[in-house]
$ cat data31.txt   # compact mmCIF, C-alpha atoms
# COMPACT_ATOMS: atom_id res chain seq x y z
CA MET B 1 -56.91 -71.81 74.41
CA LYS B 2 -58.65 -71.95 77.77
CA VAL B 3 -58.60 -68.48 79.32
CA VAL B 4 -59.92 -67.48 82.75
CA ILE B 5 -60.67 -63.82 83.46
CA ALA B 6 -61.14 -63.14 87.16
CA ASN B 7 -62.68 -59.88 88.39
CA GLY B 8 -62.20 -56.42 86.90
CA PHE B 9 -64.81 -54.29 85.16
CA HIS B 10 -63.82 -52.30 82.06
CA GLU B 11 -60.47 -54.12 81.93
CA ALA B 12 -62.34 -57.43 81.97
CA ASP B 13 -64.69 -56.19 79.24
CA TYR B 14 -61.73 -55.28 77.04
CA ILE B 15 -59.87 -58.55 77.63
CA ILE B 16 -63.09 -60.51 76.93
CA SER B 17 -63.39 -58.74 73.58
CA LEU B 18 -59.84 -59.86 72.72
CA PHE B 19 -60.37 -63.51 73.58
CA ASN B 20 -64.06 -64.00 72.77
CA THR B 21 -63.61 -66.03 69.59
CA ARG B 22 -64.58 -69.58 68.71
CA HIS B 23 -60.94 -70.62 69.09
CA ASN B 24 -60.92 -69.85 72.81
CA ASP B 25 -62.70 -71.41 75.75
CA LEU B 26 -63.43 -68.31 77.82
CA ILE B 27 -64.30 -68.51 81.53
CA VAL B 28 -65.29 -65.30 83.28
CA LEU B 29 -65.63 -65.03 87.04
CA ASN B 30 -66.49 -61.96 89.07
CA ASP B 31 -67.44 -61.32 92.70
CA ASP B 32 -69.79 -58.42 91.90
CA GLU B 33 -73.34 -59.27 90.81
CA TYR B 34 -73.86 -56.07 88.82
CA VAL B 35 -70.57 -56.53 86.94
CA CYS B 36 -71.49 -60.16 86.19
CA GLN B 37 -74.77 -59.06 84.59
CA TYR B 38 -73.13 -56.22 82.66
CA LEU B 39 -70.33 -58.37 81.23
CA SER B 40 -72.69 -61.21 80.41
CA LEU B 41 -75.22 -59.03 78.56
CA LYS B 42 -72.63 -56.95 76.73
CA ASN B 43 -70.55 -59.86 75.50
CA ASP B 44 -73.27 -62.51 75.29
CA ILE B 45 -71.35 -65.01 77.40
CA PRO B 46 -72.03 -66.68 80.76
CA VAL B 47 -70.32 -64.96 83.70
CA MET B 48 -70.16 -66.79 87.01
CA ARG B 49 -70.47 -64.95 90.27
CA GLY B 50 -67.79 -66.18 92.67
CA LYS B 51 -64.49 -65.56 94.41
CA ALA B 52 -61.36 -66.15 92.38
CA THR B 53 -59.37 -66.71 95.58
CA ARG B 54 -61.51 -69.74 96.45
CA LYS B 55 -60.66 -73.17 95.04
CA THR B 56 -64.28 -74.35 95.08
CA ASP B 57 -65.46 -71.36 93.03
CA LEU B 58 -62.67 -71.74 90.50
CA LYS B 59 -63.44 -75.43 90.17
CA GLU B 60 -67.15 -74.77 89.72
CA ALA B 61 -66.35 -72.22 87.02
CA GLY B 62 -64.29 -74.88 85.19
CA ALA B 63 -60.93 -73.16 85.57
CA GLU B 64 -58.93 -76.39 85.93
CA ASN B 65 -55.96 -76.80 83.57
CA CYS B 66 -56.48 -73.38 81.99
CA ASP B 67 -53.79 -72.09 79.64
CA LEU B 68 -54.02 -68.53 80.90
CA PHE B 69 -55.37 -67.08 84.14
CA ILE B 70 -55.81 -63.29 84.30
CA ALA B 71 -56.55 -61.60 87.66
CA LEU B 72 -57.92 -58.06 87.34
CA SER B 73 -59.14 -57.10 90.82
CA GLU B 74 -58.35 -53.65 92.19
CA ASP B 75 -56.69 -55.26 95.22
CA ASP B 76 -53.16 -56.48 94.56
CA TYR B 77 -53.23 -59.08 97.33
CA LYS B 78 -56.47 -60.60 95.95
CA ASN B 79 -54.87 -60.94 92.52
CA TYR B 80 -51.83 -62.56 94.12
CA VAL B 81 -53.89 -65.15 96.03
CA ALA B 82 -56.14 -65.77 93.01
CA CYS B 83 -53.09 -66.45 90.80
CA LYS B 84 -51.49 -68.64 93.45
CA THR B 85 -54.69 -70.65 93.88
CA ALA B 86 -55.00 -71.03 90.11
CA LYS B 87 -51.38 -72.11 89.78
CA LEU B 88 -51.18 -74.48 92.75
CA LEU B 89 -54.66 -75.92 92.91
CA MET B 90 -56.10 -75.48 89.39
CA ASN B 91 -52.93 -76.29 87.46
CA ALA B 92 -53.04 -73.03 85.49
CA LYS B 93 -50.21 -72.93 82.96
CA ARG B 94 -49.64 -69.18 83.03
CA CYS B 95 -50.88 -66.44 85.37
CA ILE B 96 -51.07 -62.70 84.84
CA ALA B 97 -51.94 -60.28 87.65
CA THR B 98 -52.62 -56.58 87.42
CA VAL B 99 -51.24 -54.53 90.31
CA ILE B 100 -52.07 -51.03 91.47
CA ASN B 101 -48.87 -50.58 93.51
CA PRO B 102 -46.01 -50.47 90.96
CA LYS B 103 -43.57 -51.82 93.58
CA ASN B 104 -45.50 -55.09 93.47
CA VAL B 105 -44.46 -55.79 89.86
CA GLU B 106 -41.03 -57.03 90.95
CA ILE B 107 -42.34 -58.57 94.18
CA PHE B 108 -45.02 -60.62 92.40
CA ARG B 109 -42.41 -61.91 89.95
CA GLU B 110 -40.11 -62.89 92.80
CA LEU B 111 -43.02 -64.67 94.46
CA GLY B 112 -43.64 -66.78 91.36
CA ILE B 113 -46.42 -64.98 89.48
CA ASP B 114 -45.54 -65.31 85.78
CA THR B 115 -46.42 -61.74 84.84
CA ALA B 116 -47.45 -58.71 86.89
CA VAL B 117 -48.66 -55.63 85.05
CA SER B 118 -49.00 -52.13 86.47
CA SER B 119 -50.04 -49.15 84.38
CA ALA B 120 -48.09 -46.84 86.71
CA TYR B 121 -44.98 -49.04 86.36
CA LEU B 122 -45.23 -49.09 82.56
CA LEU B 123 -45.74 -45.33 82.50
CA GLY B 124 -42.68 -44.86 84.72
CA GLU B 125 -40.51 -47.09 82.51
CA ARG B 126 -41.71 -45.20 79.44
CA ILE B 127 -40.91 -41.82 80.98
CA LYS B 128 -37.48 -43.07 82.09
CA SER B 129 -36.66 -44.29 78.60
CA LEU B 130 -37.81 -41.03 77.04
CA THR B 131 -35.94 -38.73 79.43
CA SER B 132 -32.76 -40.78 79.25
CA VAL B 133 -32.25 -39.87 75.63
CA GLU B 134 -32.02 -36.16 75.09
CA ASN B 135 -32.80 -35.06 71.51
CA MET B 136 -34.79 -38.18 70.81
CA VAL B 137 -38.09 -37.04 69.39
CA ASN B 138 -39.83 -40.29 68.64
CA SER B 139 -39.62 -44.00 69.20
CA LEU B 140 -41.57 -47.08 68.25
CA SER B 141 -41.36 -50.52 69.78
CA MET B 142 -42.28 -53.68 67.93
CA GLU B 143 -42.50 -57.39 68.63
CA ASN B 144 -43.43 -56.94 72.28
CA GLU B 145 -40.65 -54.39 72.90
CA HIS B 146 -37.89 -56.58 71.45
CA ILE B 147 -37.26 -54.30 68.48
CA PHE B 148 -37.06 -50.48 68.61
CA ILE B 149 -37.08 -47.83 65.92
CA ASP B 150 -35.74 -44.52 67.26
CA GLU B 151 -35.61 -41.16 65.55
CA ILE B 152 -32.67 -39.03 66.70
CA ARG B 153 -32.30 -35.35 65.81
CA ILE B 154 -28.73 -34.40 65.01
CA SER B 155 -27.38 -31.07 66.25
CA SER B 156 -24.01 -29.49 65.40
CA ASP B 157 -22.60 -30.15 68.88
CA LEU B 158 -22.81 -33.95 68.46
CA GLU B 159 -19.74 -36.03 67.56
CA VAL B 160 -21.52 -37.78 64.70
CA ALA B 161 -22.29 -34.53 62.83
CA GLY B 162 -20.03 -34.43 59.76
CA LYS B 163 -19.07 -38.13 59.95
CA THR B 164 -19.94 -40.82 57.41
CA LEU B 165 -22.03 -43.82 58.45
CA ALA B 166 -19.00 -46.04 57.79
CA GLU B 167 -17.00 -43.99 60.29
CA ILE B 168 -19.77 -44.24 62.89
CA ASN B 169 -20.36 -47.97 62.23
CA ILE B 170 -23.10 -49.31 64.51
CA SER B 171 -23.39 -52.60 62.61
CA ASP B 172 -22.76 -54.63 65.80
CA LEU B 173 -25.68 -52.93 67.55
CA GLY B 174 -28.27 -52.36 64.83
CA SER B 175 -28.65 -50.44 61.60
CA VAL B 176 -29.48 -46.99 60.28
CA ALA B 177 -32.78 -47.38 58.45
CA SER B 178 -33.03 -43.89 56.97
CA ILE B 179 -31.80 -40.31 57.23
CA VAL B 180 -34.44 -37.61 56.94
CA ARG B 181 -32.96 -34.41 55.48
CA ASN B 182 -35.05 -31.40 54.43
CA GLU B 183 -38.17 -33.54 54.76
CA LYS B 184 -36.80 -36.13 52.31
CA ALA B 185 -36.08 -39.69 53.38
CA LEU B 186 -32.66 -40.81 52.14
CA ILE B 187 -31.65 -44.45 51.81
CA PRO B 188 -28.39 -44.70 53.71
CA ASN B 189 -25.05 -46.11 52.57
CA GLY B 190 -21.65 -46.17 54.23
CA GLN B 191 -20.39 -43.05 52.43
CA MET B 192 -23.35 -40.91 53.44
CA ARG B 193 -22.34 -38.09 55.77
CA ILE B 194 -24.60 -37.08 58.67
CA GLU B 195 -25.33 -33.35 58.84
CA SER B 196 -26.65 -31.07 61.53
CA GLY B 197 -30.44 -30.90 61.25
CA ASP B 198 -30.76 -34.50 60.04
CA LYS B 199 -33.10 -36.96 61.68
CA VAL B 200 -31.56 -40.43 61.86
CA LEU B 201 -33.79 -43.49 62.15
CA ILE B 202 -32.07 -46.43 63.80
CA VAL B 203 -33.36 -49.98 64.29
CA THR B 204 -32.03 -51.91 67.29
CA THR B 205 -32.89 -54.75 69.60
CA ALA B 206 -33.89 -53.94 73.19
CA GLU B 207 -30.51 -54.93 74.63
CA ASN B 208 -28.47 -52.81 72.17
CA ARG B 209 -30.80 -49.83 72.04
CA ASN B 210 -29.23 -47.60 74.70
CA LYS B 211 -25.67 -48.25 73.45
CA ALA B 212 -26.62 -47.37 69.88
CA ILE B 213 -28.47 -44.21 70.90
CA SER B 214 -25.59 -43.10 73.11
CA ILE B 215 -23.22 -43.27 70.11
CA PHE B 216 -25.43 -40.79 68.25
CA GLN B 217 -25.86 -38.59 71.32
CA ARG B 218 -22.20 -38.20 72.31
CA LYS B 219 -21.24 -34.51 72.43
CA LYS B 220 -18.11 -33.13 70.76
CA LYS B 221 -15.19 -32.60 73.16
CA MET T 1 -31.41 -61.66 126.24
CA ALA T 2 -32.94 -58.94 124.03
CA SER T 3 -36.63 -59.38 123.38
CA PRO T 4 -37.54 -60.47 119.82
CA ARG T 5 -38.54 -57.74 117.40
CA THR T 6 -42.20 -58.52 116.69
CA ILE T 7 -44.50 -56.99 114.09
CA ILE T 8 -48.23 -57.54 114.61
CA ILE T 9 -50.35 -56.79 111.56
CA GLY T 10 -54.01 -56.25 112.32
CA ALA T 11 -55.31 -54.56 115.45
CA GLY T 12 -58.67 -56.29 115.72
CA ARG T 13 -59.64 -58.28 118.80
CA LEU T 14 -56.97 -60.96 118.32
CA GLY T 15 -54.19 -58.60 117.24
CA SER T 16 -54.78 -56.13 120.05
CA THR T 17 -54.97 -58.90 122.67
CA ILE T 18 -51.69 -60.40 121.45
CA ALA T 19 -50.14 -56.90 121.47
CA ARG T 20 -51.16 -56.35 125.08
CA SER T 21 -49.85 -59.76 126.17
CA LEU T 22 -46.48 -59.20 124.48
CA ASN T 23 -46.29 -55.60 125.62
CA LYS T 24 -44.04 -56.11 128.61
CA SER T 25 -41.68 -58.69 127.21
CA SER T 26 -41.12 -57.76 123.61
CA ASN T 27 -40.03 -55.11 121.22
CA VAL T 28 -43.39 -54.82 119.46
CA ILE T 29 -44.94 -52.70 116.70
CA VAL T 30 -48.61 -52.95 115.69
CA ILE T 31 -49.74 -52.02 112.16
CA ASP T 32 -53.33 -51.47 111.07
CA CYS T 33 -54.87 -49.36 108.31
CA SER T 34 -57.58 -48.21 110.73
CA LYS T 35 -56.62 -45.38 113.07
CA GLU T 36 -59.71 -46.15 115.16
CA LYS T 37 -58.46 -49.67 115.84
CA ILE T 38 -55.00 -48.40 116.72
CA ASP T 39 -56.54 -45.86 119.09
CA ARG T 40 -58.47 -48.68 120.81
CA LEU T 41 -55.34 -50.67 121.76
CA GLY T 42 -55.87 -49.60 125.38
CA GLU T 43 -53.14 -50.71 127.78
CA TYR T 44 -50.70 -51.47 125.00
CA SER T 45 -47.84 -48.96 125.14
CA GLY T 46 -45.54 -50.15 122.34
CA PHE T 47 -45.01 -48.74 118.87
CA VAL T 48 -47.89 -48.32 116.41
CA GLU T 49 -48.20 -47.50 112.71
CA VAL T 50 -51.33 -46.61 110.75
CA GLY T 51 -51.09 -47.78 107.16
CA ASP T 52 -51.39 -50.52 104.56
CA ALA T 53 -49.17 -53.44 105.59
CA THR T 54 -49.32 -54.95 102.09
CA ASP T 55 -47.15 -52.03 100.95
CA CYS T 56 -43.51 -53.12 101.27
CA SER T 57 -42.37 -49.51 101.89
CA LEU T 58 -44.45 -49.41 105.05
CA LEU T 59 -43.20 -52.81 106.20
CA GLU T 60 -39.60 -51.67 105.68
CA LYS T 61 -40.28 -48.46 107.59
CA CYS T 62 -41.53 -50.65 110.45
CA GLY T 63 -38.33 -52.72 110.47
CA ILE T 64 -39.40 -55.87 108.60
CA LYS T 65 -35.81 -56.47 107.47
CA THR T 66 -34.66 -57.02 111.06
CA ALA T 67 -37.86 -58.50 112.49
CA ASP T 68 -37.63 -61.81 114.37
CA ARG T 69 -41.33 -62.50 114.25
CA VAL T 70 -44.41 -61.44 112.26
CA ILE T 71 -47.97 -62.13 113.39
CA ALA T 72 -50.50 -61.39 110.61
CA VAL T 73 -54.02 -61.45 112.02
CA THR T 74 -56.02 -59.10 109.80
CA ASP T 75 -59.68 -59.90 109.11
CA ASP T 76 -58.88 -60.89 105.52
CA ASP T 77 -57.32 -64.33 104.85
CA ASN T 78 -56.04 -63.16 101.47
CA ILE T 79 -54.05 -60.33 103.07
CA ASN T 80 -52.62 -62.74 105.64
CA VAL T 81 -51.59 -65.24 102.93
CA PHE T 82 -49.94 -62.49 100.87
CA LEU T 83 -48.11 -61.17 103.96
CA ALA T 84 -46.93 -64.69 104.84
CA ASP T 85 -45.33 -65.12 101.40
CA LEU T 86 -43.91 -61.60 101.42
CA CYS T 87 -42.32 -62.06 104.86
CA THR T 88 -41.04 -65.58 104.07
CA HIS T 89 -39.61 -65.18 100.59
CA ILE T 90 -38.76 -61.48 100.30
CA TYR T 91 -37.80 -60.54 103.87
CA HIS T 92 -36.83 -63.98 105.26
CA VAL T 93 -38.47 -63.43 108.65
CA PRO T 94 -37.67 -66.55 110.75
CA ASP T 95 -40.95 -66.86 112.67
CA ILE T 96 -44.30 -66.12 110.99
CA THR T 97 -47.79 -66.77 112.29
CA ILE T 98 -51.01 -66.01 110.43
CA ARG T 99 -54.71 -66.39 111.19
CA LEU T 100 -56.85 -68.15 108.58
CA LYS T 101 -60.61 -68.18 108.97
CA ASP T 102 -60.79 -70.57 106.01
CA SER T 103 -58.46 -73.41 106.99
CA ARG T 104 -58.50 -74.74 103.40
CA LYS T 105 -56.15 -71.87 102.51
CA LYS T 106 -53.37 -73.50 104.54
CA VAL T 107 -52.30 -75.31 101.36
CA LEU T 108 -51.33 -71.97 99.84
CA VAL T 109 -48.62 -71.12 102.36
CA ASP T 110 -45.21 -72.54 103.13
CA GLU T 111 -44.98 -75.35 105.70
CA ARG T 112 -42.82 -73.14 107.92
CA ILE T 113 -45.72 -70.75 108.50
CA ASN T 114 -47.69 -71.25 111.71
CA CYS T 115 -51.39 -71.08 110.88
CA ILE T 116 -54.03 -70.33 113.51
CA CYS T 117 -57.34 -71.65 112.19
CA PRO T 118 -60.31 -71.01 114.53
CA PHE T 119 -62.36 -73.62 112.64
CA ASP T 120 -59.73 -76.35 113.15
CA LEU T 121 -59.24 -75.39 116.81
CA SER T 122 -63.00 -75.66 117.46
CA LEU T 123 -63.20 -78.99 115.67
CA ASP T 124 -60.22 -80.35 117.64
CA TYR T 125 -61.89 -79.27 120.87
CA PHE T 126 -65.15 -81.07 120.08
CA GLU T 127 -63.37 -84.21 118.90
CA LYS T 128 -61.42 -84.36 122.16
CA ARG T 129 -64.60 -83.73 124.16
CA GLU T 130 -66.30 -86.54 122.25
CA GLU T 131 -63.48 -88.94 123.12
CA GLU T 132 -63.62 -87.93 126.78
CA VAL T 133 -67.37 -88.53 126.88
CA LYS T 134 -66.92 -92.00 125.36
CA GLU T 135 -64.31 -92.89 128.00
$ encode --input "data31.txt" --output "structure tokens"
Amino acid sequence: MKVVIANGFHEADYIISLFNTRHNDLIVLNDDEYVCQYLSLKNDIPVMRGKATRKTDLKEAGAENCDLFIALSEDDYKNYVACKTAKLLMNAKRCIATVINPKNVEIFRELGIDTAVSSAYLLGERIKSLTSVENMVNSLSMENEHIFIDEIRISSDLEVAGKTLAEINISDLGSVASIVRNEKALIPNGQMRIESGDKVLIVTTAENRNKAISIFQRKKK
Amino acid sequence: MASPRTIIIGAGRLGSTIARSLNKSSNVIVIDCSKEKIDRLGEYSGFVEVGDATDCSLLEKCGIKTADRVIAVTDDDNINVFLADLCTHIYHVPDITIRLKDSRKKVLVDERINCICPFDLSLDYFEKREEEVKE
């Protein structure tokens, strides 16, 4: 895979370490001379000094027809123009831009950048998902956030306390993977009754996750 | 007829001169991240805003959603290109003009955008002069 990494310092160093294998054709471009030297020495690869927003520099670096173009500058607008130049003039197949301003995640997508990543945006989404589910003590996402495993603590005021899994029936939304009771993991079956103090582990897809959790979080009337 | 709502982004020499020339006839606001540049607008008596125009919250505060015209003349071509796309595709501003020092970047923006390229203007001038001399 031909990968172009434009600008960035420690982020670039990390991404280089991920892609620096014999299977990838790695092209690294940076507008800072010191960073070029640092990245080149540390990773033992050539790093070209140039502007990623300039067609001539991208061409000289060999960025044409790259499979992946990653823009890591600290300026959102530079990453936008670099990605646009790569897409329109270098025929890049896929572009990823980092953004400092989390509002630019949606804007970049609307403007045609394949992926925009903001650490503040991801943090915000994470906090929102955690605070939206009271009692949830732990969660794990897998397969690029398509599958979730959530651990829900059951209290006596919840509707599900005292009901069997067959009565609750979340089979359309996901499945109960285990019930942890008195520090023992129980393999669930339909006749198993959920008790106050249990921890229920449910496996769901991203689209069904909130619905499934809300069933376990509904309070008694 | 009401004067068009105009947003000028960049208060350098070009931006401030345009602001002063539109001052009497238009409903104008000038945005620049440098307070010093805003303070040097001189005879211009319209609205001003100090801040980062690439932040959509600031643009919305300055009325981008109802603007008739945007003139992006910051010193950085990349900012002007980003603003052109933002104003065209997100805010649907009908009349957008940007300055590009590097005229090769014209290919990055929509055909509806008016691009002022000092390099192209100079070249046009000398080509015309050359023709006149030949005649």
$ closest_atom_pairs --input "data31.txt" --of "chain T" --to "chain B" --cutoff "12 Å" --atoms "all atoms listed in the file" --output "tab-separated table"
residue	atom	partner	partner_atom	distance
T:Asp52	CA	B:Asn101	CA	11.3
T:Ala53	CA	B:Tyr77	CA	10.8
T:Thr54	CA	B:Tyr77	CA	7.4
T:Asp55	CA	B:Asn101	CA	7.8
T:Cys56	CA	B:Lys103	CA	7.8
T:Ser57	CA	B:Lys103	CA	8.7
T:Leu58	CA	B:Lys103	CA	11.8
T:Asp76	CA	B:Lys78	CA	9.9
T:Asp77	CA	B:Val81	CA	9.5
T:Asn78	CA	B:Lys78	CA	6.1
T:Ile79	CA	B:Tyr77	CA	5.9
T:Asn80	CA	B:Tyr77	CA	9.1
T:Val81	CA	B:Val81	CA	7.3
T:Phe82	CA	B:Tyr77	CA	5.9
T:Leu83	CA	B:Tyr77	CA	8.6
T:Ala84	CA	B:Leu111	CA	11.1
T:Asp85	CA	B:Leu111	CA	7.3
T:Leu86	CA	B:Leu111	CA	7.7
T:Cys87	CA	B:Leu111	CA	10.7
T:Thr88	CA	B:Leu111	CA	9.9
T:His89	CA	B:Leu111	CA	7.0
T:Ile90	CA	B:Ile107	CA	7.7
T:Tyr91	CA	B:Ile107	CA	10.9
T:Asp102	CA	B:Arg54	CA	9.6
T:Ser103	CA	B:Arg54	CA	11.6
T:Arg104	CA	B:Lys55	CA	8.8
T:Lys105	CA	B:Arg54	CA	8.4
T:Lys106	CA	B:Thr85	CA	11.1
T:Val107	CA	B:Leu88	CA	8.7
T:Leu108	CA	B:Thr85	CA	7.0
T:Val109	CA	B:Lys84	CA	9.7
T:Asp110	CA	B:Leu111	CA	11.9
$ residues_around --input "data31.txt" --residues "range 186-194 of chain B" --least-positions-apart "6" --cutoff "9 Å" --atoms "all atoms listed in the file" --output "list in words"
Ile154, Val160, Ala161, Gly162, Lys163, Thr164, Leu165, Ala166, Glu167, Asn169, Val176, Ala177, Ser178, Ile179, Val180 and Val200 of chain B
$ closest_residue --input "data31.txt" --among "B:Ala92, B:Val47, B:Val117, B:Val4" --to "Asn65 in chain B" --atoms "all atoms listed in the file"
B:Ala92
$ closest_residue --input "data31.txt" --among "T:Asn114, T:Leu41, T:Lys134, T:Val50" --to "Val70 in chain T" --atoms "all atoms listed in the file"
T:Asn114
$ atom_distance --input "data31.txt" --atom1 "CA of Tyr44 in chain T" --atom2 "CA of Cys62 in chain T"
17.2 Å
$ closest_residue --input "data31.txt" --among "T:Arg13, T:Arg112, T:Arg69, T:Arg129" --to "Lys37 in chain T" --atoms "only C-alpha atoms"
T:Arg13
$ axis_aligned_box --input "data31.txt" --around "range 61-66 of chain T" --padding-each-side "4 Å" --output "JSON"
{"center_x": -38.1, "center_y": -52.7, "center_z": 109.3, "size_x": 14.9, "size_y": 16.6, "size_z": 11.6}
$ atom_distance --input "data31.txt" --atom1 "CA of Leu173 in chain B" --atom2 "CA of Thr204 in chain B"
6.4 Å
$ atom_distance --input "data31.txt" --atom1 "CA of Ile116 in chain T" --atom2 "CA of Leu100 in chain T"
6.1 Å
$ residues_around --input "data31.txt" --residues "Cys115 in chain T" --least-positions-apart "3" --cutoff "6 Å" --atoms "only C-alpha atoms" --output "list in words"
Thr97, Ile98 and Arg99 of chain T
$ closest_residue --input "data31.txt" --among "T:Leu121, T:Ala72, T:Ile64, T:Ile18" --to "Asp32 in chain T" --atoms "all atoms listed in the file"
T:Ala72
$ residues_around --input "data31.txt" --residues "Leu158 in chain B" --least-positions-apart "5" --cutoff "10 Å" --atoms "only C-alpha atoms" --output "VMD selection string"
chain B and resid 153 195 to 196 215 to 221
$ write_last_selection --input "data31.txt" --atoms "C-alpha atoms" --output "PDB file, in the coordinates of the input"
ATOM      1  CA  ARG B 153     -32.300 -35.350  65.810  1.00  0.00           C
ATOM      2  CA  GLU B 195     -25.330 -33.350  58.840  1.00  0.00           C
ATOM      3  CA  SER B 196     -26.650 -31.070  61.530  1.00  0.00           C
ATOM      4  CA  ILE B 215     -23.220 -43.270  70.110  1.00  0.00           C
ATOM      5  CA  PHE B 216     -25.430 -40.790  68.250  1.00  0.00           C
ATOM      6  CA  GLN B 217     -25.860 -38.590  71.320  1.00  0.00           C
ATOM      7  CA  ARG B 218     -22.200 -38.200  72.310  1.00  0.00           C
ATOM      8  CA  LYS B 219     -21.240 -34.510  72.430  1.00  0.00           C
ATOM      9  CA  LYS B 220     -18.110 -33.130  70.760  1.00  0.00           C
ATOM     10  CA  LYS B 221     -15.190 -32.600  73.160  1.00  0.00           C
TER      11      LYS B 221
END
$ residues_around --input "data31.txt" --residues "Phe47 in chain T" --least-positions-apart "6" --cutoff "12 Å" --atoms "all atoms listed in the file" --output "PyMOL selection string"
chain T and resi 5-8+19-20+22-23+26-32+38-39+41+62-63
$ residues_near_point --input "data31.txt" --point "(-55.4, -54.3, 81.8)" --cutoff "9 Å" --atoms "only C-alpha atoms" --output "CSV table (one decimal) with C-alpha atoms, in the frame of the given file"
chain,number,residue,atom,x,y,z
B,8,GLY,CA,-62.2,-56.4,86.9
B,10,HIS,CA,-63.8,-52.3,82.1
B,11,GLU,CA,-60.5,-54.1,81.9
B,12,ALA,CA,-62.3,-57.4,82.0
B,14,TYR,CA,-61.7,-55.3,77.0
B,15,ILE,CA,-59.9,-58.6,77.6
B,72,LEU,CA,-57.9,-58.1,87.3
B,98,THR,CA,-52.6,-56.6,87.4
B,117,VAL,CA,-48.7,-55.6,85.0
B,118,SER,CA,-49.0,-52.1,86.5
B,119,SER,CA,-50.0,-49.2,84.4
$ closest_residue --input "data31.txt" --among "B:Thr115, B:Ser171, B:Asn30, B:Gln37" --to "Arg49 in chain B" --atoms "all atoms listed in the file"
B:Asn30
$ decode --input "data31.txt" --residues "range 178-207 of chain B" --atoms "C-alpha atoms" --output "PDB file, in the first residue's frame"
ATOM      1  CA  SER B 178     -22.577 -13.575  30.981  1.00  0.00           C
ATOM      2  CA  ILE B 179     -23.971 -12.664  34.393  1.00  0.00           C
ATOM      3  CA  VAL B 180     -21.430 -11.969  37.115  1.00  0.00           C
ATOM      4  CA  ARG B 181     -22.840 -12.838  40.552  1.00  0.00           C
ATOM      5  CA  ASN B 182     -20.760 -12.883  43.744  1.00  0.00           C
ATOM      6  CA  GLU B 183     -17.622 -12.637  41.610  1.00  0.00           C
ATOM      7  CA  LYS B 184     -18.556 -15.778  39.656  1.00  0.00           C
ATOM      8  CA  ALA B 185     -19.267 -15.658  35.934  1.00  0.00           C
ATOM      9  CA  LEU B 186     -22.450 -17.568  35.100  1.00  0.00           C
ATOM     10  CA  ILE B 187     -23.264 -18.865  31.631  1.00  0.00           C
ATOM     11  CA  PRO B 188     -26.723 -17.522  30.908  1.00  0.00           C
ATOM     12  CA  ASN B 189     -29.825 -19.399  29.769  1.00  0.00           C
ATOM     13  CA  GLY B 190     -33.409 -18.266  29.297  1.00  0.00           C
ATOM     14  CA  GLN B 191     -34.558 -19.449  32.734  1.00  0.00           C
ATOM     15  CA  MET B 192     -31.833 -17.589  34.609  1.00  0.00           C
ATOM     16  CA  ARG B 193     -33.251 -14.822  36.794  1.00  0.00           C
ATOM     17  CA  ILE B 194     -31.422 -11.494  37.124  1.00  0.00           C
ATOM     18  CA  GLU B 195     -30.869 -10.379  40.715  1.00  0.00           C
ATOM     19  CA  SER B 196     -30.004  -7.081  42.325  1.00  0.00           C
ATOM     20  CA  GLY B 197     -26.215  -6.802  42.593  1.00  0.00           C
ATOM     21  CA  ASP B 198     -25.594  -8.756  39.377  1.00  0.00           C
ATOM     22  CA  LYS B 199     -23.389  -7.436  36.620  1.00  0.00           C
ATOM     23  CA  VAL B 200     -24.798  -8.265  33.191  1.00  0.00           C
ATOM     24  CA  LEU B 201     -22.494  -8.386  30.165  1.00  0.00           C
ATOM     25  CA  ILE B 202     -24.294  -7.707  26.906  1.00  0.00           C
ATOM     26  CA  VAL B 203     -22.934  -7.877  23.356  1.00  0.00           C
ATOM     27  CA  THR B 204     -24.557  -5.608  20.768  1.00  0.00           C
ATOM     28  CA  THR B 205     -23.886  -3.915  17.473  1.00  0.00           C
ATOM     29  CA  ALA B 206     -23.379  -0.135  17.429  1.00  0.00           C
ATOM     30  CA  GLU B 207     -26.878   0.569  16.099  1.00  0.00           C
TER      31      GLU B 207
END
